[in-house]
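**Q** I am sharing my_file_27.pdb, which consists of PDB, C-alpha atoms:
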MODEL        1
ATOM      1  CA  MET A  70     -23.546  19.086   3.084
ATOM      2  CA  ALA A  71     -20.721  21.634   3.176
ATOM      3  CA  LEU A  72     -17.123  20.802   2.396
ATOM      4  CA  PRO A  73     -15.421  19.517   5.565
ATOM      5  CA  SER A  74     -13.500  22.223   7.384
ATOM      6  CA  GLN A  75     -10.610  19.923   8.233
ATOM      7  CA  THR A  76      -8.921  20.564   4.901
ATOM      8  CA  GLY A  77      -5.275  21.104   5.792
ATOM      9  CA  PRO A  78      -1.733  21.110   4.406
ATOM     10  CA  VAL A  79       0.023  17.876   3.563
ATOM     11  CA  ASN A  80       3.247  19.524   2.415
ATOM     12  CA  THR A  81       4.252  22.638   0.517
ATOM     13  CA  GLY A  82       1.803  23.381  -2.265
ATOM     14  CA  GLU A  83      -0.607  20.579  -1.374
ATOM     15  CA  SER A  84      -3.741  20.173   0.716
ATOM     16  CA  TYR A  85      -6.162  17.342   1.301
ATOM     17  CA  VAL A  86      -9.853  16.921   1.866
ATOM     18  CA  THR A  87     -11.756  13.910   3.165
ATOM     19  CA  LEU A  88     -15.222  13.233   1.775
ATOM     20  CA  HIS A  89     -17.986  10.755   2.526
ATOM     21  CA  LEU A  90     -18.630   8.310  -0.299
ATOM     22  CA  LYS A  91     -22.006   7.021  -1.397
ATOM     23  CA  MET A  92     -20.971   3.675  -2.870
ATOM     24  CA  THR A  93     -23.305   1.456  -4.863
ATOM     25  CA  GLN A  94     -23.299  -2.295  -4.201
ATOM     26  CA  THR A  95     -21.474  -2.768  -7.495
ATOM     27  CA  GLN A  96     -18.779  -0.295  -6.436
ATOM     28  CA  ILE A  97     -18.485  -1.921  -3.006
ATOM     29  CA  GLY A  98     -17.980  -5.271  -4.723
ATOM     30  CA  HIS A  99     -15.367  -3.683  -6.992
ATOM     31  CA  PHE A 100     -13.567  -2.302  -3.948
ATOM     32  CA  GLN A 101     -13.586  -5.707  -2.220
ATOM     33  CA  GLU A 102     -12.163  -7.396  -5.306
ATOM     34  CA  SER A 103      -9.452  -4.723  -5.424
ATOM     35  CA  VAL A 104      -8.592  -5.343  -1.775
ATOM     36  CA  GLU A 105      -8.348  -9.085  -2.365
ATOM     37  CA  ILE A 106      -5.812  -8.452  -5.120
ATOM     38  CA  GLU A 107      -3.913  -6.085  -2.807
ATOM     39  CA  ASN A 108      -3.790  -8.789  -0.128
ATOM     40  CA  SER A 109      -2.496 -11.341  -2.617
ATOM     41  CA  LEU A 110       0.011  -8.865  -4.065
ATOM     42  CA  ILE A 111       1.380  -8.026  -0.610
ATOM     43  CA  ASN A 112       1.953 -11.680   0.231
ATOM     44  CA  PHE A 113       3.668 -12.153  -3.134
ATOM     45  CA  ALA A 114       5.849  -9.072  -2.519
ATOM     46  CA  ASN A 115       6.835 -10.276   0.954
ATOM     47  CA  HIS A 116       7.931 -13.634  -0.452
ATOM     48  CA  TYR A 117       9.897 -12.011  -3.292
ATOM     49  CA  LEU A 118      11.618  -9.395  -1.115
ATOM     50  CA  GLU A 119      12.573 -11.854   1.617
ATOM     51  CA  LYS A 120      13.790 -14.429  -0.888
ATOM     52  CA  THR A 121      15.802 -11.844  -2.839
ATOM     53  CA  TYR A 122      17.071  -9.486  -0.127
ATOM     54  CA  GLY A 123      16.210 -11.144   3.199
ATOM     55  CA  CYS A 124      18.273 -12.759   5.939
ATOM     56  CA  LYS A 125      20.194 -15.061   3.560
ATOM     57  CA  HIS A 126      21.204 -12.185   1.266
ATOM     58  CA  LEU A 127      22.074  -9.333   3.612
ATOM     59  CA  THR A 128      25.221  -8.444   1.662
ATOM     60  CA  ARG A 129      23.188  -7.925  -1.498
ATOM     61  CA  SER A 130      22.563  -4.299  -2.403
ATOM     62  CA  TYR A 131      18.927  -3.276  -2.009
ATOM     63  CA  PRO A 132      18.004  -0.739  -4.718
ATOM     64  CA  ALA A 133      14.951   0.731  -3.009
ATOM     65  CA  ILE A 134      16.801   3.068  -0.668
ATOM     66  CA  HIS A 135      15.867   6.057  -2.840
ATOM     67  CA  GLU A 136      12.678   7.025  -4.692
ATOM     68  CA  ARG A 137      13.804   5.879  -8.145
ATOM     69  CA  GLY A 138      14.967   2.555  -6.750
ATOM     70  CA  ARG A 139      11.652   2.007  -4.962
ATOM     71  CA  ALA A 140       9.782   2.579  -8.216
ATOM     72  CA  GLY A 141      12.066   0.059  -9.923
ATOM     73  CA  VAL A 142      11.470  -2.591  -7.254
ATOM     74  CA  ALA A 143       7.725  -1.933  -7.477
ATOM     75  CA  GLU A 144       7.766  -2.420 -11.247
ATOM     76  CA  THR A 145       9.699  -5.687 -10.881
ATOM     77  CA  ILE A 146       7.179  -7.034  -8.357
ATOM     78  CA  LEU A 147       4.192  -6.031 -10.524
ATOM     79  CA  ALA A 148       5.700  -7.687 -13.594
ATOM     80  CA  LYS A 149       6.482 -10.915 -11.721
ATOM     81  CA  TYR A 150       3.046 -10.988 -10.091
ATOM     82  CA  ALA A 151       1.263 -10.447 -13.430
ATOM     83  CA  ALA A 152       3.363 -13.157 -15.067
ATOM     84  CA  GLU A 153       2.827 -15.742 -12.331
ATOM     85  CA  THR A 154      -0.801 -14.912 -11.517
ATOM     86  CA  TRP A 155      -2.319 -14.048 -14.897
ATOM     87  CA  HIS A 156       0.450 -15.239 -17.279
ATOM     88  CA  GLN A 157       0.584 -11.714 -18.703
ATOM     89  CA  ASP A 158       3.576  -9.546 -19.571
ATOM     90  CA  ASP A 159       2.150  -6.556 -17.705
ATOM     91  CA  TRP A 160      -0.649  -5.574 -15.336
ATOM     92  CA  PRO A 161      -3.773  -6.696 -17.256
ATOM     93  CA  VAL A 162      -6.380  -3.951 -17.479
ATOM     94  CA  ALA A 163      -9.167  -6.356 -18.417
ATOM     95  CA  THR A 164      -8.386  -8.894 -15.679
ATOM     96  CA  ALA A 165      -7.345  -6.816 -12.700
ATOM     97  CA  VAL A 166     -10.014  -4.727 -11.007
ATOM     98  CA  LEU A 167      -7.240  -3.042  -9.032
ATOM     99  CA  PRO A 168      -5.957  -0.134 -11.157
ATOM    100  CA  ARG A 169      -2.277  -0.347 -12.013
ATOM    101  CA  GLN A 170      -1.670   3.075 -10.438
ATOM    102  CA  ALA A 171      -3.016   1.736  -7.141
ATOM    103  CA  ALA A 172      -0.965  -1.450  -7.308
ATOM    104  CA  LYS A 173       2.215   0.525  -8.052
ATOM    105  CA  ALA A 174       1.575   3.047  -5.261
ATOM    106  CA  LEU A 175       1.138   0.175  -2.802
ATOM    107  CA  MET A 176       4.313  -1.565  -3.932
ATOM    108  CA  ILE A 177       6.372   1.630  -3.753
ATOM    109  CA  LYS A 178       5.278   2.015  -0.138
ATOM    110  CA  TRP A 179       5.984  -1.670   0.521
ATOM    111  CA  ALA A 180       9.462  -1.396  -0.986
ATOM    112  CA  ALA A 181      10.177   1.616   1.255
ATOM    113  CA  ASP A 182       8.905  -0.200   4.355
ATOM    114  CA  PHE A 183      11.054  -3.207   3.510
ATOM    115  CA  ALA A 184      14.104  -0.919   3.405
ATOM    116  CA  LEU A 185      13.413   0.009   7.036
ATOM    117  CA  PHE A 186      12.988  -3.648   7.981
ATOM    118  CA  LEU A 187      16.222  -4.524   6.166
ATOM    119  CA  THR A 188      18.130  -1.947   8.208
ATOM    120  CA  GLN A 189      16.808  -3.535  11.406
ATOM    121  CA  LEU A 190      17.575  -7.018  10.076
ATOM    122  CA  ARG A 191      21.213  -6.139   9.394
ATOM    123  CA  VAL A 192      21.609  -4.860  12.925
ATOM    124  CA  ALA A 193      20.011  -8.016  14.360
ATOM    125  CA  ASN A 194      22.319 -10.190  12.254
ATOM    126  CA  ARG A 195      25.289  -8.860  14.227
ATOM    127  CA  MET A 196      24.091 -10.782  17.287
ATOM    128  CA  THR A 197      26.002 -13.913  18.212
ATOM    129  CA  ASP A 198      24.356 -17.307  17.745
ATOM    130  CA  ARG A 199      23.756 -17.466  21.484
ATOM    131  CA  GLU A 200      22.142 -14.014  21.497
ATOM    132  CA  LYS A 201      19.891 -15.082  18.650
ATOM    133  CA  ARG A 202      18.839 -18.220  20.567
ATOM    134  CA  ASP A 203      18.264 -16.227  23.745
ATOM    135  CA  PHE A 204      16.159 -13.744  21.803
ATOM    136  CA  GLN A 205      13.969 -16.486  20.320
ATOM    137  CA  ASN A 206      13.628 -18.130  23.742
ATOM    138  CA  ASN A 207      12.606 -14.755  25.244
ATOM    139  CA  ALA A 208      15.430 -15.001  27.751
ATOM    140  CA  ASN A 209      15.405 -11.255  28.365
ATOM    141  CA  HIS A 210      11.609 -10.990  28.315
ATOM    142  CA  ASP A 211      11.695  -8.782  25.203
ATOM    143  CA  ASN A 212      10.245 -11.278  22.726
ATOM    144  CA  PRO A 213       7.029 -12.744  24.188
ATOM    145  CA  ARG A 214       5.963 -14.116  20.780
ATOM    146  CA  HIS A 215       9.251 -16.074  20.495
ATOM    147  CA  LEU A 216       9.955 -14.721  17.032
ATOM    148  CA  ALA A 217      13.168 -15.705  15.280
ATOM    149  CA  TRP A 218      15.627 -12.806  14.985
ATOM    150  CA  TYR A 219      14.937 -12.518  11.253
ATOM    151  CA  HIS A 220      11.165 -12.189  11.784
ATOM    152  CA  GLN A 221      11.307  -9.339  14.275
ATOM    153  CA  GLY A 222       9.822  -6.272  12.569
ATOM    154  CA  ALA A 223       8.980  -8.141   9.366
ATOM    155  CA  LEU A 224       6.284  -6.711   7.123
ATOM    156  CA  PRO A 225       2.845  -8.199   7.851
ATOM    157  CA  ASP A 226       1.318 -10.859   5.652
ATOM    158  CA  MET A 227      -2.333 -10.669   4.718
ATOM    159  CA  SER A 228      -3.707 -13.830   6.297
ATOM    160  CA  HIS A 229      -5.595 -14.999   9.387
ATOM    161  CA  GLY A 230      -8.180 -12.259   8.948
ATOM    162  CA  ARG A 231      -5.703  -9.441   8.308
ATOM    163  CA  THR A 232      -6.608  -7.373   5.257
ATOM    164  CA  MET A 233      -6.034  -4.041   3.573
ATOM    165  CA  ASN A 234      -8.786  -1.460   3.920
ATOM    166  CA  SER A 235      -7.760   1.252   1.477
ATOM    167  CA  ILE A 236      -6.885   1.824  -2.162
ATOM    168  CA  ILE A 237      -4.302   4.512  -2.983
ATOM    169  CA  ILE A 238      -4.228   5.831  -6.558
ATOM    170  CA  ASP A 239      -1.466   8.211  -7.656
ATOM    171  CA  VAL A 240      -2.475  10.114 -10.774
ATOM    172  CA  GLN A 241      -0.936  12.722 -13.020
ATOM    173  CA  PRO A 242      -2.313  16.006 -11.616
ATOM    174  CA  GLN A 243      -5.652  16.583 -13.281
ATOM    175  CA  CYS A 244      -9.176  17.861 -12.636
ATOM    176  CA  LEU A 245     -11.233  14.951 -11.313
ATOM    177  CA  VAL A 246     -14.358  16.770 -10.103
ATOM    178  CA  PRO A 247     -16.867  17.061 -12.993
ATOM    179  CA  GLU A 248     -19.903  17.901 -10.861
ATOM    180  CA  ALA A 249     -20.755  19.263  -7.397
ATOM    181  CA  HIS A 250     -21.169  15.783  -5.851
ATOM    182  CA  GLN A 251     -18.997  13.650  -8.124
ATOM    183  CA  VAL A 252     -15.348  12.602  -8.372
ATOM    184  CA  ARG A 253     -13.972  10.769 -11.376
ATOM    185  CA  VAL A 254     -11.522   8.127 -10.101
ATOM    186  CA  PRO A 255      -9.186   6.309 -12.534
ATOM    187  CA  GLY A 256     -10.120   2.645 -12.648
ATOM    188  CA  TYR A 257     -13.364   3.212 -10.752
ATOM    189  CA  GLY A 258     -15.295   5.634 -12.887
ATOM    190  CA  THR A 259     -17.478   8.316 -11.311
ATOM    191  CA  LEU A 260     -18.074   8.136  -7.548
ATOM    192  CA  SER A 261     -20.700  10.124  -5.654
ATOM    193  CA  VAL A 262     -19.919  12.023  -2.455
ATOM    194  CA  GLU A 263     -22.228  13.561   0.144
ATOM    195  CA  GLU A 264     -20.495  16.943   0.243
ATOM    196  CA  ASN A 265     -20.902  19.732  -2.295
ATOM    197  CA  ILE A 266     -17.417  20.063  -3.804
ATOM    198  CA  ASN A 267     -18.229  22.414  -6.636
ATOM    199  CA  GLN A 268     -15.328  24.660  -5.566
ATOM    200  CA  LEU A 269     -12.916  21.805  -6.359
ATOM    201  CA  ARG A 270     -13.895  21.541 -10.028
ATOM    202  CA  THR A 271     -10.934  23.648 -11.156
ATOM    203  CA  LYS A 272      -8.442  22.056  -8.733
ATOM    204  CA  HIS A 273      -5.850  19.500  -9.816
ATOM    205  CA  VAL A 274      -5.860  16.226  -7.895
ATOM    206  CA  LYS A 275      -2.664  14.141  -7.672
ATOM    207  CA  LYS A 276      -3.699  11.347  -5.288
ATOM    208  CA  VAL A 277      -6.941   9.586  -4.420
ATOM    209  CA  ILE A 278      -7.455   7.296  -1.402
ATOM    210  CA  ILE A 279     -10.602   5.194  -1.024
ATOM    211  CA  LYS A 280     -10.853   3.892   2.537
ATOM    212  CA  ARG A 281     -13.332   1.556   4.178
ATOM    213  CA  ARG A 282     -14.268   2.697   7.681
ATOM    214  CA  ALA A 283     -16.939   0.052   8.329
ATOM    215  CA  VAL A 284     -18.836  -2.565   6.320
ATOM    216  CA  ASN A 285     -20.645  -0.073   4.080
ATOM    217  CA  ASN A 286     -18.963   3.142   5.233
ATOM    218  CA  PHE A 287     -16.358   4.633   2.903
ATOM    219  CA  THR A 288     -14.385   7.863   2.695
ATOM    220  CA  LEU A 289     -12.544   9.454  -0.200
ATOM    221  CA  GLN A 290      -9.412  11.520   0.424
ATOM    222  CA  LEU A 291      -8.126  13.810  -2.309
ATOM    223  CA  THR A 292      -4.629  15.301  -2.351
ATOM    224  CA  ILE A 293      -4.910  18.614  -4.159
ATOM    225  CA  ILE A 294      -2.262  20.831  -5.701
ATOM    226  CA  ASP A 295      -2.994  24.384  -4.569
TER     227      ASP A 295
ENDMDL
END
Please rewrite the model in this file as structure tokens.
**A**
Amino acid sequence: MALPSQTGPVNTGESYVTLHLKMTQTQIGHFQESVEIENSLINFANHYLEKTYGCKHLTRSYPAIHERGRAGVAETILAKYAAETWHQDDWPVATAVLPRQAAKALMIKWAADFALFLTQLRVANRMTDREKRDFQNNANHDNPRHLAWYHQGALPDMSHGRTMNSIIIDVQPQCLVPEAHQVRVPGYGTLSVEENINQLRTKHVKKVIIKRRAVNNFTLQLTIID
């Protein structure tokens, strides 16, 4: 199968390509275990962020407004999660099937999304007590779910059937294509793809996304430095 033609620019100096994965049952199980850790990590992060910077602490400075701050918040969450979940000082390679790079990439995104929610929360906090009650009671027909003012726009929790369906792995730019139908993914080993990607063997990959489209249908997206 030829390389998909929909390769296109992501931003200056980068392009991406989406490939069809041929996952073994072992690799599918590995992916599912990774997703379960992601779900648990997200719920942990939500609790930590809301407890530390949420509606009761709106005057507290949130450090994740900029890229360096988001990385710092992500590291704090990973360390706390590892300590409370596995009683380890850092992300345990032997215990966690979710690569640390993937966990950090997810938490950086989550920290950035929480910054957007926090901005909305601070605006909502300016409402009077009556306006907050009216909002929760859907008095103006703009809150049919009767959410409290501090829940409007909150980041989703992974429960009641909601789940992640992708793994994002940021890597130091490197060649990850050893063969025409293979990609070497940190934390996952060598994955097989349907397409012939021999022309990518000399390209440097900086990000890998494994995504589940259906029960046993997976794609692999590579972000490539041109």
**Q** I'd like the residues picked by the PyMOL selection byres ((chain A and resi 271-282) around 9) written out as JSON, numbers by chain, using the chain letters and numbers from the file.
**A** {"A": [90, 100, 234, 235, 236, 237, 238, 239, 240, 241, 242, 243, 244, 245, 246, 254, 267, 268, 269, 270, 283, 284, 285, 286, 287, 288, 289, 290, 291, 292, 293, 294, 295]}
**Q** Please provide as a ChimeraX atom specification all residues within 9 Å of A:Ala140, with the sequence filter that same-chain residues fewer than 4 positions apart are discarded (counting all atoms listed in the file).
**A** /A:133,135-136,144-145,173-174,176-177,180
**Q** Name the residues that the PyMOL selection byres ((chain A and resi 117) around 12) pulls out of this structure, and write them as a ChimeraX atom specification.
**A** /A:110-116,118-123,142-143,145-150,176,179-180,183
**Q** Starting from the displayed file, determine the output of the PyMOL selection byres ((chain A and resi 160) around 9) and express the residue list as a ChimeraX atom specification.
**A** /A:147-148,150-152,155,157-159,161-162,164-165,168-169
**Q** So what do you get for atom CA of A:Leu175 versus atom CA of A:Pro132, distance-wise?
**A**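 For atom CA of A:Leu175 relative to atom CA of A:Pro132, the distance reads 17.0 Å.
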**Q** If you measure from atom CA of A:Leu187 to atom CA of A:Gln205, what distance in Å do you get, rounded to one decimal?
**A**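 Between atom CA of A:Leu187 and atom CA of A:Gln205 the gap works out to 18.7 Å.
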**Q** So, with only C-alpha atoms as the atoms that count, which of A:Leu190, A:Leu167, A:Ala181, A:Ala217 lies closest to A:Arg202?
**A**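 Comparing A:Leu190, A:Leu167, A:Ala181, A:Ala217 against A:Arg202, the winner is A:Ala217.
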**Q** Counting all atoms listed in the file, figure out which residue out of A:Thr259, A:Gln221, A:Asn265, A:Gln251 gets nearest to A:Gln96.
**A** A:Thr259
**Q** Can you measure atom CA of A:Thr232 to atom CA of A:Asn108 for me? One decimal in Å is fine.
**A**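 One can read the atom CA of A:Thr232 to atom CA of A:Asn108 distance as 6.2 Å.
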**Q** With only C-alpha atoms as the atoms that count, which of A:Val166, A:Asp182, A:Gln189, A:Asp211 lies nearest to A:Pro255?
**A**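 That would be A:Val166, the residue with the smallest distance to A:Pro255.
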**Q** Between A:Glu153, A:Glu263, A:Asp203, A:Glu107, which is the closest to A:Leu216 once you count all atoms listed in the file?
**A**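 For A:Leu216, the nearest of the candidates is A:Asp203.
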**Q** Excluding A:Ala223 and residues on its chain fewer than 3 positions from it, collect all residues at most 8 Å away from it, counting all atoms listed in the file, and give them as a PDB file with C-alpha atoms, in the coordinates of the input.
**A**
ATOM      1  CA  PHE A 183      11.054  -3.207   3.510  1.00  0.00           C
ATOM      2  CA  PHE A 186      12.988  -3.648   7.981  1.00  0.00           C
ATOM      3  CA  TYR A 219      14.937 -12.518  11.253  1.00  0.00           C
ATOM      4  CA  HIS A 220      11.165 -12.189  11.784  1.00  0.00           C
TER       5      HIS A 220
END
**Q** Using only the atoms of stretch 233-247 of chain A listed in the file, plus 6 Å on each side, state the axis-aligned box centre and edge lengths in Å rounded to one decimal, as JSON.
**A**
{"center_x": -8.9, "center_y": 6.9, "center_z": -4.7, "size_x": 27.9, "size_y": 33.9, "size_z": 29.2}
**Q** Which residue gives the smallest distance to A:Met227 among A:Ser109, A:Thr93, A:Lys201, A:Leu88, with all atoms listed in the file counted?
**A**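 Ranking A:Ser109, A:Thr93, A:Lys201, A:Leu88 by distance to A:Met227, first place goes to A:Ser109.
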**Q** Nearest residue to A:Arg195 out of A:Ser228, A:His89, A:Gln94, A:Trp218, using all atoms listed in the file?
**A**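 Checking each candidate against A:Arg195, we get A:Trp218 as the closest.
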**Q** Add whatever atoms are absent from stretch 272-294 of chain A to reach N, CA, C and O atoms, and provide the output as a CSV table (one decimal), keeping the file's coordinate frame.
**A**
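Here's the written file result_37.csv:
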chain,number,residue,atom,x,y,z
A,272,LYS,N,-9.7,22.5,-9.4
A,272,LYS,CA,-8.4,22.1,-8.7
A,272,LYS,C,-7.9,20.8,-9.4
A,272,LYS,O,-8.6,20.0,-9.9
A,273,HIS,N,-6.5,20.7,-9.3
A,273,HIS,CA,-5.8,19.5,-9.8
A,273,HIS,C,-5.6,18.5,-8.7
A,273,HIS,O,-5.0,18.9,-7.7
A,274,VAL,N,-6.0,17.3,-8.9
A,274,VAL,CA,-5.9,16.2,-7.9
A,274,VAL,C,-4.7,15.3,-8.3
A,274,VAL,O,-4.6,15.0,-9.5
A,275,LYS,N,-3.8,15.0,-7.4
A,275,LYS,CA,-2.7,14.1,-7.7
A,275,LYS,C,-2.7,12.8,-7.0
A,275,LYS,O,-2.0,11.9,-7.4
A,276,LYS,N,-3.6,12.6,-6.0
A,276,LYS,CA,-3.7,11.3,-5.3
A,276,LYS,C,-5.1,11.2,-4.8
A,276,LYS,O,-5.8,12.1,-4.3
A,277,VAL,N,-5.6,9.9,-4.9
A,277,VAL,CA,-6.9,9.6,-4.4
A,277,VAL,C,-6.8,8.4,-3.5
A,277,VAL,O,-6.1,7.4,-3.8
A,278,ILE,N,-7.4,8.4,-2.3
A,278,ILE,CA,-7.5,7.3,-1.4
A,278,ILE,C,-8.9,6.9,-1.1
A,278,ILE,O,-9.7,7.8,-0.6
A,279,ILE,N,-9.3,5.7,-1.4
A,279,ILE,CA,-10.6,5.2,-1.0
A,279,ILE,C,-10.4,4.3,0.2
A,279,ILE,O,-9.6,3.4,0.2
A,280,LYS,N,-11.1,4.6,1.3
A,280,LYS,CA,-10.9,3.9,2.5
A,280,LYS,C,-12.2,3.4,3.1
A,280,LYS,O,-13.2,4.1,3.2
A,281,ARG,N,-12.2,2.1,3.5
A,281,ARG,CA,-13.3,1.6,4.2
A,281,ARG,C,-13.2,1.8,5.7
A,281,ARG,O,-12.3,1.3,6.3
A,282,ARG,N,-14.2,2.5,6.2
A,282,ARG,CA,-14.3,2.7,7.7
A,282,ARG,C,-15.1,1.6,8.4
A,282,ARG,O,-14.7,1.3,9.5
A,283,ALA,N,-16.1,1.1,7.8
A,283,ALA,CA,-16.9,0.1,8.3
A,283,ALA,C,-17.5,-0.7,7.1
A,283,ALA,O,-17.0,-0.5,6.0
A,284,VAL,N,-18.4,-1.7,7.4
A,284,VAL,CA,-18.8,-2.6,6.3
A,284,VAL,C,-19.3,-1.8,5.1
A,284,VAL,O,-18.8,-2.1,4.0
A,285,ASN,N,-20.2,-0.8,5.2
A,285,ASN,CA,-20.6,-0.1,4.1
A,285,ASN,C,-20.4,1.4,4.3
A,285,ASN,O,-21.2,2.3,3.8
A,286,ASN,N,-19.3,1.8,4.9
A,286,ASN,CA,-19.0,3.1,5.2
A,286,ASN,C,-17.6,3.4,4.6
A,286,ASN,O,-16.6,2.9,5.1
A,287,PHE,N,-17.6,4.3,3.6
A,287,PHE,CA,-16.4,4.6,2.9
A,287,PHE,C,-16.1,6.1,2.9
A,287,PHE,O,-17.0,6.9,2.9
A,288,THR,N,-14.8,6.5,2.9
A,288,THR,CA,-14.4,7.9,2.7
A,288,THR,C,-13.5,8.0,1.5
A,288,THR,O,-12.9,7.0,1.0
A,289,LEU,N,-13.4,9.2,1.0
A,289,LEU,CA,-12.5,9.5,-0.2
A,289,LEU,C,-11.7,10.6,0.2
A,289,LEU,O,-12.2,11.7,0.5
A,290,GLN,N,-10.3,10.4,0.1
A,290,GLN,CA,-9.4,11.5,0.4
A,290,GLN,C,-8.7,12.0,-0.9
A,290,GLN,O,-8.2,11.1,-1.6
A,291,LEU,N,-8.8,13.2,-1.1
A,291,LEU,CA,-8.1,13.8,-2.3
A,291,LEU,C,-6.9,14.6,-1.9
A,291,LEU,O,-7.0,15.5,-1.0
A,292,THR,N,-5.8,14.4,-2.5
A,292,THR,CA,-4.6,15.3,-2.4
A,292,THR,C,-4.6,16.3,-3.5
A,292,THR,O,-4.6,15.9,-4.7
A,293,ILE,N,-4.7,17.6,-3.2
A,293,ILE,CA,-4.9,18.6,-4.2
A,293,ILE,C,-3.7,19.5,-4.3
A,293,ILE,O,-3.1,19.8,-3.3
A,294,ILE,N,-3.3,19.9,-5.5
A,294,ILE,CA,-2.3,20.8,-5.7
A,294,ILE,C,-2.9,22.2,-5.7
A,294,ILE,O,-3.7,22.6,-6.5
